[in-house]
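The file data11.csv contains CSV, C-alpha atoms:
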chain,number,residue,atom,x,y,z
A,1,MET,CA,108.1,116.7,94.0
A,2,SER,CA,109.6,118.3,90.9
A,3,ALA,CA,113.2,119.2,90.4
A,4,GLU,CA,112.3,122.9,90.3
A,5,ARG,CA,110.9,122.7,93.8
A,6,ASP,CA,113.6,120.6,95.3
A,7,PRO,CA,117.1,121.9,94.5
A,8,ASP,CA,118.6,118.6,95.7
A,9,ALA,CA,116.5,116.7,93.1
A,10,ALA,CA,117.9,119.0,90.4
A,11,LEU,CA,121.4,118.2,91.7
A,12,MET,CA,120.6,114.5,91.6
A,13,LEU,CA,119.5,114.7,88.0
A,14,ARG,CA,123.0,116.0,87.3
A,15,VAL,CA,124.5,113.3,89.4
A,16,ARG,CA,122.7,110.7,87.3
A,17,GLN,CA,124.5,112.0,84.3
A,18,GLY,CA,127.8,111.5,86.2
A,19,ASP,CA,128.3,115.1,87.3
A,20,THR,CA,130.7,114.7,90.3
A,21,ARG,CA,130.5,118.5,91.1
A,22,ALA,CA,126.8,118.2,91.7
A,23,PHE,CA,127.5,115.1,93.8
A,24,ALA,CA,130.1,117.0,95.9
A,25,GLU,CA,127.6,119.7,96.5
A,26,LEU,CA,125.1,117.2,97.9
A,27,VAL,CA,127.8,115.5,100.0
A,28,ASP,CA,128.8,118.9,101.5
A,29,LYS,CA,125.2,119.7,102.3
A,30,TYR,CA,124.3,116.5,103.9
A,31,LYS,CA,127.6,115.1,105.4
A,32,GLN,CA,126.8,116.6,108.9
A,33,PRO,CA,123.3,115.3,109.3
A,34,VAL,CA,124.3,111.9,108.0
A,35,MET,CA,127.3,111.8,110.3
A,36,ASN,CA,125.2,112.8,113.3
A,37,LEU,CA,122.7,110.1,112.6
A,38,ALA,CA,125.4,107.4,112.0
A,39,CYS,CA,127.3,108.5,115.1
A,40,ARG,CA,124.3,108.4,117.3
A,41,MET,CA,123.1,105.1,115.9
A,42,LEU,CA,126.5,103.3,116.0
A,43,ARG,CA,128.1,105.2,119.0
A,44,ASP,CA,131.5,105.1,117.3
A,45,ALA,CA,132.9,108.1,115.4
A,46,THR,CA,135.3,106.1,113.2
A,47,GLU,CA,132.6,103.6,112.2
A,48,ALA,CA,130.1,106.4,111.7
A,49,GLU,CA,132.5,108.1,109.4
A,50,ASP,CA,133.0,104.9,107.3
A,51,LEU,CA,129.3,104.3,107.2
A,52,SER,CA,128.6,107.9,106.2
A,53,GLN,CA,131.1,107.5,103.4
A,54,MET,CA,129.3,104.3,102.3
A,55,VAL,CA,126.0,106.1,102.4
A,56,PHE,CA,127.2,108.7,99.9
A,57,VAL,CA,128.9,106.1,97.7
A,58,GLN,CA,125.6,104.2,97.6
A,59,VAL,CA,123.8,107.4,96.7
A,60,PHE,CA,126.1,107.8,93.7
A,61,LYS,CA,125.9,104.2,92.6
A,62,SER,CA,122.1,104.2,92.9
A,63,ALA,CA,121.5,107.6,91.4
A,64,HIS,CA,119.8,106.0,88.4
A,65,ARG,CA,117.2,104.5,90.8
A,66,TYR,CA,116.3,107.9,92.4
A,67,LYS,CA,112.8,109.1,91.5
A,68,VAL,CA,112.5,112.8,91.2
A,69,SER,CA,109.0,112.5,92.6
A,70,SER,CA,110.4,111.9,96.1
A,71,ARG,CA,112.5,114.2,98.2
A,72,PHE,CA,116.2,113.7,98.0
A,73,SER,CA,116.6,113.9,101.8
A,74,THR,CA,114.0,111.2,102.4
A,75,TRP,CA,115.8,108.9,99.9
A,76,LEU,CA,119.2,109.7,101.4
A,77,PHE,CA,118.1,109.1,105.0
A,78,THR,CA,116.4,105.8,103.9
A,79,ILE,CA,119.8,104.6,102.6
A,80,ALA,CA,121.5,105.8,105.8
A,81,ARG,CA,118.9,104.1,107.9
A,82,ASN,CA,119.2,100.8,106.0
A,83,LEU,CA,123.0,100.9,106.3
A,84,CYS,CA,122.9,101.7,110.0
A,85,LEU,CA,120.5,98.9,110.7
A,86,ASN,CA,122.6,96.5,108.6
A,87,GLU,CA,125.7,97.5,110.5
A,88,ILE,CA,124.0,97.1,113.9
A,89,ARG,CA,122.8,93.6,112.9
A,90,ARG,CA,126.2,92.7,111.5
A,91,ARG,CA,127.8,93.8,114.7
A,92,ALA,CA,125.4,91.6,116.7
A,93,ARG,CA,126.5,88.7,114.6
A,94,HIS,CA,130.3,89.5,114.5
A,95,PRO,CA,131.0,91.7,117.6
A,96,ALA,CA,134.8,92.0,117.0
A,97,ASP,CA,134.6,93.0,113.3
A,98,SER,CA,134.6,96.6,112.3
A,99,ILE,CA,133.4,98.3,109.1
A,100,GLU,CA,137.0,99.3,108.3
A,101,SER,CA,138.3,95.7,108.4
A,102,ARG,CA,135.9,95.0,105.6
A,103,HIS,CA,137.6,97.6,103.4
A,104,PRO,CA,141.3,96.7,103.5
A,105,GLU,CA,142.0,98.9,100.4
A,106,GLN,CA,141.4,102.0,102.7
A,107,ASP,CA,144.1,101.0,105.1
A,108,ASP,CA,146.7,103.2,103.5
A,109,GLN,CA,144.6,106.3,104.1
A,110,ALA,CA,145.4,108.7,107.0
A,111,ALA,CA,143.4,108.2,110.2
A,112,PRO,CA,140.4,110.6,110.3
A,113,GLN,CA,141.2,113.9,111.8
A,114,PHE,CA,138.5,115.5,114.0
A,115,GLU,CA,138.4,119.1,114.6
A,116,ASP,CA,137.7,120.2,118.2
A,117,LYS,CA,134.6,122.3,118.1
A,118,THR,CA,134.3,122.7,121.8
A,119,THR,CA,135.1,126.1,123.1
A,120,ALA,CA,134.1,125.6,126.7
A,121,SER,CA,136.6,125.7,129.5
A,122,PRO,CA,137.9,122.3,130.8
A,123,PRO,CA,135.6,121.9,133.8
A,124,ASP,CA,132.6,122.8,131.8
A,125,ARG,CA,133.7,120.4,129.1
A,126,LEU,CA,134.0,117.7,131.7
A,127,LEU,CA,130.5,118.3,133.1
A,128,HIS,CA,129.1,118.5,129.6
A,129,GLY,CA,131.0,115.4,128.5
A,130,GLU,CA,129.5,113.5,131.3
A,131,LEU,CA,126.0,114.7,130.6
A,132,GLU,CA,126.5,114.0,126.9
A,133,GLU,CA,127.5,110.5,127.7
A,134,LYS,CA,124.4,110.0,129.8
A,135,ILE,CA,122.2,111.2,127.0
A,136,GLN,CA,124.0,109.1,124.4
A,137,GLN,CA,123.6,106.1,126.7
A,138,ALA,CA,119.9,106.8,127.2
A,139,LEU,CA,119.5,107.1,123.4
A,140,ALA,CA,121.5,103.9,122.8
A,141,GLY,CA,119.2,102.1,125.2
A,142,LEU,CA,116.2,102.8,123.0
A,143,PRO,CA,114.9,100.3,120.4
A,144,GLU,CA,116.4,101.1,117.0
A,145,ASN,CA,113.2,102.4,115.4
A,146,GLN,CA,112.5,104.8,118.4
A,147,ARG,CA,116.0,106.1,118.3
A,148,LEU,CA,115.9,106.6,114.6
A,149,ALA,CA,112.6,108.4,114.8
A,150,ILE,CA,113.8,110.7,117.5
A,151,LEU,CA,117.0,111.5,115.7
A,152,LEU,CA,115.3,112.1,112.3
A,153,CYS,CA,112.7,114.3,114.1
A,154,ARG,CA,115.5,116.8,114.8
A,155,GLN,CA,116.2,117.0,111.1
A,156,GLU,CA,114.1,120.1,110.4
A,157,ASP,CA,113.8,119.6,106.6
A,158,LEU,CA,112.1,116.3,107.2
A,159,SER,CA,108.3,116.4,107.8
A,160,TYR,CA,106.6,113.7,109.8
A,161,GLU,CA,105.4,112.2,106.5
A,162,ASP,CA,109.1,112.1,105.3
A,163,ILE,CA,110.2,110.5,108.6
A,164,ALA,CA,107.4,107.9,108.3
A,165,ARG,CA,108.6,107.1,104.7
A,166,VAL,CA,112.2,106.7,105.9
A,167,LEU,CA,111.0,104.4,108.7
A,168,GLY,CA,108.6,102.6,106.4
A,169,SER,CA,105.7,103.1,108.7
A,170,SER,CA,102.6,105.3,109.0
A,171,VAL,CA,102.6,108.9,110.3
A,172,SER,CA,100.7,107.9,113.4
A,173,ALA,CA,103.0,104.9,114.1
A,174,THR,CA,106.0,107.3,113.7
A,175,LYS,CA,104.5,109.8,116.2
A,176,SER,CA,103.8,107.0,118.5
A,177,LEU,CA,107.5,105.8,118.2
A,178,ILE,CA,108.7,109.3,119.0
A,179,HIS,CA,106.4,109.7,121.9
A,180,ARG,CA,107.3,106.3,123.5
A,181,GLY,CA,111.0,107.0,122.9
A,182,ARG,CA,110.8,110.4,124.5
A,183,GLU,CA,108.9,109.1,127.5
A,184,THR,CA,111.7,106.6,128.1
A,185,LEU,CA,114.3,109.3,127.7
A,186,LYS,CA,112.5,111.5,130.1
A,187,GLN,CA,112.4,108.8,132.7
A,188,LYS,CA,116.1,108.0,132.3
A,189,LEU,CA,117.3,111.6,132.2
A,190,LYS,CA,114.9,112.8,134.9
A,191,PRO,CA,117.5,114.0,137.4
A,192,TYR,CA,119.2,116.1,134.7
A,193,LEU,CA,116.0,117.5,133.3
A,194,GLN,CA,115.0,118.7,136.7
A,195,THR,CA,118.3,120.4,137.5
A,196,GLY,CA,118.6,122.1,134.1
A,197,ALA,CA,122.2,120.8,134.0
A,198,TRP,CA,122.0,120.3,130.3
A,199,GLU,CA,122.1,124.0,129.5
A,200,GLU,CA,124.9,125.2,127.4
A,201,PRO,CA,128.0,126.2,129.4
A,202,LYS,CA,128.5,129.9,129.5
B,203,MET,CA,99.9,114.1,129.2
B,204,THR,CA,96.6,115.4,128.1
B,205,ASN,CA,95.1,114.8,124.6
B,206,ASP,CA,94.1,118.4,124.1
B,207,PRO,CA,94.6,119.3,120.5
B,208,ILE,CA,96.5,122.5,121.3
B,209,CYS,CA,98.8,120.7,123.7
B,210,ASN,CA,99.3,117.9,121.1
B,211,ARG,CA,100.1,120.4,118.3
B,212,LEU,CA,102.6,122.3,120.5
B,213,ARG,CA,104.2,119.1,121.7
B,214,GLU,CA,104.7,117.8,118.2
B,215,LEU,CA,106.3,121.1,117.4
B,216,THR,CA,108.6,120.9,120.4
B,217,TRP,CA,109.7,117.5,119.3
B,218,ARG,CA,111.1,119.1,116.1
B,219,ARG,CA,112.3,122.6,117.0
B,220,LYS,CA,112.2,125.5,119.4
B,221,LEU,CA,108.8,127.1,119.7
B,222,THR,CA,108.5,130.6,118.3
B,223,GLY,CA,107.5,133.5,120.5
B,224,ALA,CA,103.8,133.3,119.5
B,225,GLU,CA,103.8,129.5,120.1
B,226,GLU,CA,105.4,130.0,123.5
B,227,ALA,CA,102.8,132.6,124.4
B,228,GLU,CA,100.1,130.1,123.3
B,229,LEU,CA,101.7,127.4,125.5
B,230,ARG,CA,101.9,129.8,128.5
B,231,SER,CA,98.2,130.7,128.2
B,232,TRP,CA,97.3,127.0,127.7
B,233,LEU,CA,99.3,126.1,130.8
B,234,GLU,CA,97.4,128.8,132.8
B,235,THR,CA,94.2,126.9,132.2
B,236,HIS,CA,95.9,123.5,132.6
B,237,PRO,CA,98.4,123.9,135.5
B,238,GLU,CA,98.4,120.1,136.1
B,239,ALA,CA,100.3,119.7,132.9
B,240,ARG,CA,103.1,122.1,133.8
B,241,ALA,CA,105.5,119.5,135.2
B,242,GLU,CA,105.1,117.3,132.2
B,243,TRP,CA,105.8,120.3,129.9
B,244,GLU,CA,108.9,121.2,131.8
B,245,ALA,CA,110.2,117.7,131.3
B,246,GLU,CA,109.2,117.9,127.6
B,247,THR,CA,111.0,121.2,127.0
B,248,GLY,CA,113.9,120.0,129.1
B,249,LEU,CA,114.4,116.9,126.9
B,250,ALA,CA,114.1,119.0,123.8
B,251,ALA,CA,116.9,121.2,125.1
B,252,VAL,CA,119.0,118.2,125.9
B,253,LEU,CA,118.6,116.7,122.4
B,254,GLU,CA,119.2,120.2,120.9
B,255,GLY,CA,122.3,120.6,123.0
B,256,LEU,CA,124.0,117.4,121.6
B,257,PRO,CA,127.1,118.5,119.7
B,258,ASP,CA,127.4,117.7,116.1
B,259,ALA,CA,129.5,114.6,115.3
B,260,PRO,CA,133.0,115.5,114.1
B,261,VAL,CA,133.3,115.5,110.3
B,262,PRO,CA,136.8,115.5,108.9
B,263,SER,CA,137.6,118.4,106.6
B,264,ASN,CA,138.5,116.1,103.8
B,265,PHE,CA,135.3,114.0,104.0
B,266,THR,CA,133.9,115.1,100.6
B,267,ALA,CA,137.2,114.5,98.9
B,268,ARG,CA,137.4,111.0,100.4
B,269,VAL,CA,133.8,110.2,99.3
B,270,LEU,CA,134.7,111.3,95.8
B,271,LYS,CA,137.8,109.2,95.9
B,272,ALA,CA,135.8,106.2,97.1
B,273,VAL,CA,133.3,106.7,94.3
B,274,GLU,CA,136.1,106.8,91.7
B,275,ARG,CA,137.8,103.7,93.2
B,276,ASP,CA,134.4,101.9,93.2
B,277,ALA,CA,133.8,102.8,89.6
B,278,ALA,CA,137.3,101.6,88.6
B,279,ALA,CA,136.9,98.4,90.6
B,280,ALA,CA,133.5,97.5,89.1
B,281,PRO,CA,133.9,95.0,86.3
B,282,ARG,CA,133.1,96.7,83.0
B,283,ARG,CA,130.4,94.8,81.2
B,284,PRO,CA,131.2,94.2,77.5
B,285,VAL,CA,128.8,95.8,74.9
B,286,TRP,CA,127.4,92.4,73.9
B,287,GLN,CA,126.1,92.0,77.5
B,288,PHE,CA,124.2,95.3,77.2
B,289,ARG,CA,122.8,94.1,73.9
B,290,LEU,CA,121.7,90.8,75.5
B,291,ARG,CA,120.0,92.4,78.4
B,292,TRP,CA,116.6,91.2,77.1
B,293,LEU,CA,117.8,87.6,77.1
B,294,PRO,CA,116.6,86.7,80.6
B,295,LYS,CA,113.2,88.2,80.0
B,296,ALA,CA,112.9,86.4,76.7
B,297,ALA,CA,114.0,83.2,78.4
B,298,PHE,CA,111.3,83.7,81.0
B,299,VAL,CA,108.6,84.4,78.4
B,300,LEU,CA,109.7,81.3,76.4
B,301,THR,CA,109.6,79.1,79.5
B,302,VAL,CA,106.1,80.3,80.3
B,303,LEU,CA,105.0,79.7,76.7
B,304,ALA,CA,106.5,76.2,76.7
B,305,ALA,CA,104.9,75.4,80.0
B,306,GLY,CA,101.5,76.5,78.6
B,307,LEU,CA,102.0,74.4,75.4
B,308,VAL,CA,103.0,71.3,77.4
B,309,SER,CA,99.9,71.7,79.7
B,310,PHE,CA,97.7,72.2,76.7
B,311,TYR,CA,99.1,69.1,75.0
B,312,LEU,CA,98.7,67.0,78.2
B,313,LEU,CA,95.1,68.2,78.6
B,314,GLN,CA,94.3,67.3,75.0
B,315,SER,CA,95.9,63.8,75.4
B,316,ALA,CA,93.9,63.2,78.5
B,317,GLU,CA,90.7,64.1,76.7
B,318,ARG,CA,91.6,61.9,73.8
B,319,ARG,CA,92.4,59.0,76.1
B,320,LYS,CA,89.0,59.4,77.7
B,321,LEU,CA,87.2,59.4,74.4
B,322,ALA,CA,89.1,56.3,73.3
B,323,GLN,CA,88.0,54.6,76.6
B,324,SER,CA,84.4,55.5,75.9
B,325,VAL,CA,84.6,54.1,72.4
B,326,ALA,CA,86.2,50.9,73.6
B,327,ALA,CA,83.4,50.6,76.2
B,328,VAL,CA,80.7,50.8,73.5
B,329,ALA,CA,82.6,48.4,71.3
B,330,ASP,CA,82.6,45.8,74.0
B,331,ILE,CA,78.7,45.4,73.8
B,332,PRO,CA,77.8,41.8,72.5
B,333,SER,CA,77.3,41.8,68.7
B,334,LEU,CA,73.7,42.2,67.3
B,335,PRO,CA,71.9,39.3,65.6
B,336,SER,CA,72.8,38.6,62.0
B,337,PRO,CA,70.7,40.3,59.3
B,338,ASP,CA,70.1,36.9,57.8
B,339,ILE,CA,67.2,36.3,60.2
B,340,LEU,CA,65.3,39.0,58.4
B,341,GLN,CA,65.5,37.5,55.0
B,342,ASP,CA,61.8,36.3,55.1
B,343,PHE,CA,60.5,39.5,56.6
B,344,ASP,CA,58.8,40.8,53.4
B,345,ALA,CA,57.1,37.5,52.7
B,346,ILE,CA,55.7,37.2,56.3
B,347,ARG,CA,54.6,40.8,56.1
B,348,ALA,CA,52.8,40.3,52.8
B,349,SER,CA,51.0,37.1,53.9
B,350,SER,CA,49.4,38.5,57.0
B,351,PRO,CA,46.0,40.1,56.2
B,352,ALA,CA,45.9,43.8,56.5
B,353,ALA,CA,44.1,45.0,59.5
B,354,THR,CA,40.5,46.1,58.8
B,355,PRO,CA,38.8,49.0,60.6
B,356,ASP,CA,36.5,48.0,63.5
B,357,GLU,CA,33.3,49.3,62.0
B,358,GLN,CA,31.2,48.6,65.1
B,359,LEU,CA,33.5,50.6,67.4
B,360,LEU,CA,33.5,53.5,64.9
B,361,ALA,CA,29.7,53.5,64.8
B,362,LEU,CA,29.5,53.6,68.6
B,363,LEU,CA,32.0,56.5,68.8
B,364,LYS,CA,29.9,58.5,66.4
Whole structure, structure tokens version:
Amino acid sequence: MSAERDPDAALMLRVRQGDTRAFAELVDKYKQPVMNLACRMLRDATEAEDLSQMVFVQVFKSAHRYKVSSRFSTWLFTIARNLCLNEIRRRARHPADSIESRHPEQDDQAAPQFEDKTTASPPDRLLHGELEEKIQQALAGLPENQRLAILLCRQEDLSYEDIARVLGSSVSATKSLIHRGRETLKQKLKPYLQTGAWEEPK
Amino acid sequence: MTNDPICNRLRELTWRRKLTGAEEAELRSWLETHPEARAEWEAETGLAAVLEGLPDAPVPSNFTARVLKAVERDAAAAPRRPVWQFRLRWLPKAAFVLTVLAAGLVSFYLLQSAERRKLAQSVAAVADIPSLPSPDILQDFDAIRASSPAATPDEQLLALLK
């Protein structure tokens, strides 16, 4: 893919030359999808935020290795995937250790402030919060690759070929991962899917 | 669920996004001919809605600024390599090439030595054969040869052969 066809690739070419404004544009564009992925993979907002930050720092540091022939988003999500899997494995080895504890230099920073995007009334929020928790639990119960495949699948600018590249597998294997993951989710969430209780609160 | 190509295509689209009006109409008409798949499709679209409905993870408003700060901090913390290190970047490669060359030369030398050793062993084996009789015993050879009458042709046999 050429830089003319992929505007992100053009930005990355500028990042390679040390252009921090181009880098900030990329961060602004992708911070939400990267945070969503990290949050659903790690199930911890603070750790997801630290990890997302690490993803972008890694992007900046490895800018010289980025090949314009590949899509930027594929490359970015590959970095995000690798860091998420590393973190999950690290957690399995050292359950009490958090990402933040490995970066003591950041201790002086203010705690992350989250904006409340919910506009629903308290009872609706409670019901939705409960449902959301069930969905998150069901997602968390999936094997890592199935979970990643399902989450990346919601990323509209990634084709199945791109998702397969991020996961390092074939397109058919990727579709099979998504199918199996979704079947498991359907089984686990059956009561909610039947009642339609997932629908947005009015 | 069925392996019908229309169903598969629509299902793969449902995994990624909401179906468009035309695609939904196509699905409805497909379901009319395949009513047995209706329940499965309801679960499929239900799950799609569930995943779609998941709220975005909260991103702090100063996230980009923090990333930029982290990048700056990282660059400052990274030990600056002196210029001579950049100039000597080729050194590991050259060392590798030299090692390979040296290994090749040593193997060649060892191979040649082994061949020479073999040759020397063969020569030694030939040298071990008991010595030939002295040439002194041939000193009367010419006299003996001259004294013996020369062989004459067998006239009778030649006549018979004719």
When the cut-off is 9 Å and we count only C-alpha atoms, which residues of chain B are near chain A, given as a PDB file with C-alpha atoms, keeping the file's coordinate frame?
ATOM      1  CA  GLU B 214     104.700 117.800 118.200  1.00  0.00           C
ATOM      2  CA  TRP B 217     109.700 117.500 119.300  1.00  0.00           C
ATOM      3  CA  ARG B 218     111.100 119.100 116.100  1.00  0.00           C
ATOM      4  CA  ARG B 219     112.300 122.600 117.000  1.00  0.00           C
ATOM      5  CA  GLU B 244     108.900 121.200 131.800  1.00  0.00           C
ATOM      6  CA  ALA B 245     110.200 117.700 131.300  1.00  0.00           C
ATOM      7  CA  GLU B 246     109.200 117.900 127.600  1.00  0.00           C
ATOM      8  CA  THR B 247     111.000 121.200 127.000  1.00  0.00           C
ATOM      9  CA  GLY B 248     113.900 120.000 129.100  1.00  0.00           C
ATOM     10  CA  LEU B 249     114.400 116.900 126.900  1.00  0.00           C
ATOM     11  CA  ALA B 251     116.900 121.200 125.100  1.00  0.00           C
ATOM     12  CA  VAL B 252     119.000 118.200 125.900  1.00  0.00           C
ATOM     13  CA  LEU B 253     118.600 116.700 122.400  1.00  0.00           C
ATOM     14  CA  GLU B 254     119.200 120.200 120.900  1.00  0.00           C
ATOM     15  CA  GLY B 255     122.300 120.600 123.000  1.00  0.00           C
ATOM     16  CA  LEU B 256     124.000 117.400 121.600  1.00  0.00           C
ATOM     17  CA  PRO B 257     127.100 118.500 119.700  1.00  0.00           C
ATOM     18  CA  ASP B 258     127.400 117.700 116.100  1.00  0.00           C
ATOM     19  CA  ALA B 259     129.500 114.600 115.300  1.00  0.00           C
ATOM     20  CA  PRO B 260     133.000 115.500 114.100  1.00  0.00           C
ATOM     21  CA  VAL B 261     133.300 115.500 110.300  1.00  0.00           C
ATOM     22  CA  PRO B 262     136.800 115.500 108.900  1.00  0.00           C
ATOM     23  CA  SER B 263     137.600 118.400 106.600  1.00  0.00           C
ATOM     24  CA  ASN B 264     138.500 116.100 103.800  1.00  0.00           C
ATOM     25  CA  PHE B 265     135.300 114.000 104.000  1.00  0.00           C
ATOM     26  CA  THR B 266     133.900 115.100 100.600  1.00  0.00           C
ATOM     27  CA  ALA B 267     137.200 114.500  98.900  1.00  0.00           C
ATOM     28  CA  ARG B 268     137.400 111.000 100.400  1.00  0.00           C
ATOM     29  CA  VAL B 269     133.800 110.200  99.300  1.00  0.00           C
ATOM     30  CA  LEU B 270     134.700 111.300  95.800  1.00  0.00           C
ATOM     31  CA  ALA B 272     135.800 106.200  97.100  1.00  0.00           C
ATOM     32  CA  VAL B 273     133.300 106.700  94.300  1.00  0.00           C
ATOM     33  CA  ASP B 276     134.400 101.900  93.200  1.00  0.00           C
ATOM     34  CA  ALA B 277     133.800 102.800  89.600  1.00  0.00           C
TER      35      ALA B 277
END
Between atom CA of A:Ile79 and atom CA of A:Val171, measure the distance and give it in Å to one decimal. 19.3 Å
Go through B:Ala326, B:Leu212, B:Leu300, B:Ala345 and flag the residue nearest B:Ala224, using only C-alpha atoms for the distances. B:Leu212
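We find atom CA of A:Ala22 and atom CA of A:Asn82 to be spaced 23.8 Å apart.
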Between atom CA of A:Thr174 and atom CA of B:Trp243, what is the distance in Å, rounded to a tenth? 20.8 Å
Go through A:Leu42, A:Leu142, A:Thr74, A:Asp6 and flag the residue nearest A:Arg89, using all atoms listed in the file for the distances. A:Leu42
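The smallest atom-to-atom distance between A:Thr184 and any of A:Ser62, A:Ser172, A:Ser73, A:Gln137, using all atoms listed in the file, is found for A:Gln137.
For A:Phe72, the list of residues within 6 Å, based on all atoms listed in the file and with local chain neighbours fewer than 2 positions off taken out, reads Asp8, Ala9, Thr74 and Trp75 of chain A.
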Assuming the input is short of atoms at stretch 54-73 of chain A, produce N, CA and C atoms for that part as a JSON list (two decimals), in the frame of the given file.
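Okay, this is what ended up in part34.json:
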[["chain", "number", "residue", "atom", "x", "y", "z"],
["A", 54, "MET", "N", 130.01, 105.30, 103.07],
["A", 54, "MET", "CA", 129.30, 104.30, 102.30],
["A", 54, "MET", "C", 127.93, 104.75, 101.86],
["A", 55, "VAL", "N", 127.28, 105.56, 102.71],
["A", 55, "VAL", "CA", 126.00, 106.10, 102.40],
["A", 55, "VAL", "C", 126.06, 106.91, 101.07],
["A", 56, "PHE", "N", 127.06, 107.80, 101.03],
["A", 56, "PHE", "CA", 127.20, 108.70, 99.90],
["A", 56, "PHE", "C", 127.64, 107.89, 98.61],
["A", 57, "VAL", "N", 128.50, 106.90, 98.82],
["A", 57, "VAL", "CA", 128.90, 106.10, 97.70],
["A", 57, "VAL", "C", 127.67, 105.35, 97.12],
["A", 58, "GLN", "N", 126.85, 104.87, 98.04],
["A", 58, "GLN", "CA", 125.60, 104.20, 97.60],
["A", 58, "GLN", "C", 124.68, 105.13, 96.88],
["A", 59, "VAL", "N", 124.62, 106.38, 97.35],
["A", 59, "VAL", "CA", 123.80, 107.40, 96.70],
["A", 59, "VAL", "C", 124.28, 107.54, 95.22],
["A", 60, "PHE", "N", 125.59, 107.63, 95.05],
["A", 60, "PHE", "CA", 126.10, 107.80, 93.70],
["A", 60, "PHE", "C", 125.85, 106.59, 92.83],
["A", 61, "LYS", "N", 126.05, 105.40, 93.43],
["A", 61, "LYS", "CA", 125.90, 104.20, 92.60],
["A", 61, "LYS", "C", 124.39, 103.95, 92.27],
["A", 62, "SER", "N", 123.49, 104.40, 93.17],
["A", 62, "SER", "CA", 122.10, 104.20, 92.90],
["A", 62, "SER", "C", 121.37, 105.37, 92.33],
["A", 63, "ALA", "N", 122.14, 106.34, 91.86],
["A", 63, "ALA", "CA", 121.50, 107.60, 91.40],
["A", 63, "ALA", "C", 120.49, 107.30, 90.27],
["A", 64, "HIS", "N", 120.72, 106.28, 89.45],
["A", 64, "HIS", "CA", 119.80, 106.00, 88.40],
["A", 64, "HIS", "C", 118.43, 105.49, 88.92],
["A", 65, "ARG", "N", 118.43, 105.04, 90.18],
["A", 65, "ARG", "CA", 117.20, 104.50, 90.80],
["A", 65, "ARG", "C", 116.39, 105.62, 91.49],
["A", 66, "TYR", "N", 117.01, 106.78, 91.66],
["A", 66, "TYR", "CA", 116.30, 107.90, 92.40],
["A", 66, "TYR", "C", 115.19, 108.42, 91.56],
["A", 67, "LYS", "N", 114.01, 108.53, 92.21],
["A", 67, "LYS", "CA", 112.80, 109.10, 91.50],
["A", 67, "LYS", "C", 112.67, 110.52, 91.92],
["A", 68, "VAL", "N", 112.59, 111.38, 90.94],
["A", 68, "VAL", "CA", 112.50, 112.80, 91.20],
["A", 68, "VAL", "C", 111.21, 113.14, 91.98],
["A", 69, "SER", "N", 110.23, 112.25, 91.90],
["A", 69, "SER", "CA", 109.00, 112.50, 92.60],
["A", 69, "SER", "C", 109.11, 112.49, 94.11],
["A", 70, "SER", "N", 110.17, 111.90, 94.61],
["A", 70, "SER", "CA", 110.40, 111.90, 96.10],
["A", 70, "SER", "C", 111.48, 112.85, 96.47],
["A", 71, "ARG", "N", 111.43, 113.30, 97.71],
["A", 71, "ARG", "CA", 112.50, 114.20, 98.20],
["A", 71, "ARG", "C", 113.80, 113.53, 98.29],
["A", 72, "PHE", "N", 114.85, 114.26, 97.94],
["A", 72, "PHE", "CA", 116.20, 113.70, 98.00],
["A", 72, "PHE", "C", 116.53, 113.28, 99.44],
["A", 73, "SER", "N", 116.22, 114.19, 100.39],
["A", 73, "SER", "CA", 116.60, 113.90, 101.80],
["A", 73, "SER", "C", 115.95, 112.66, 102.31]]
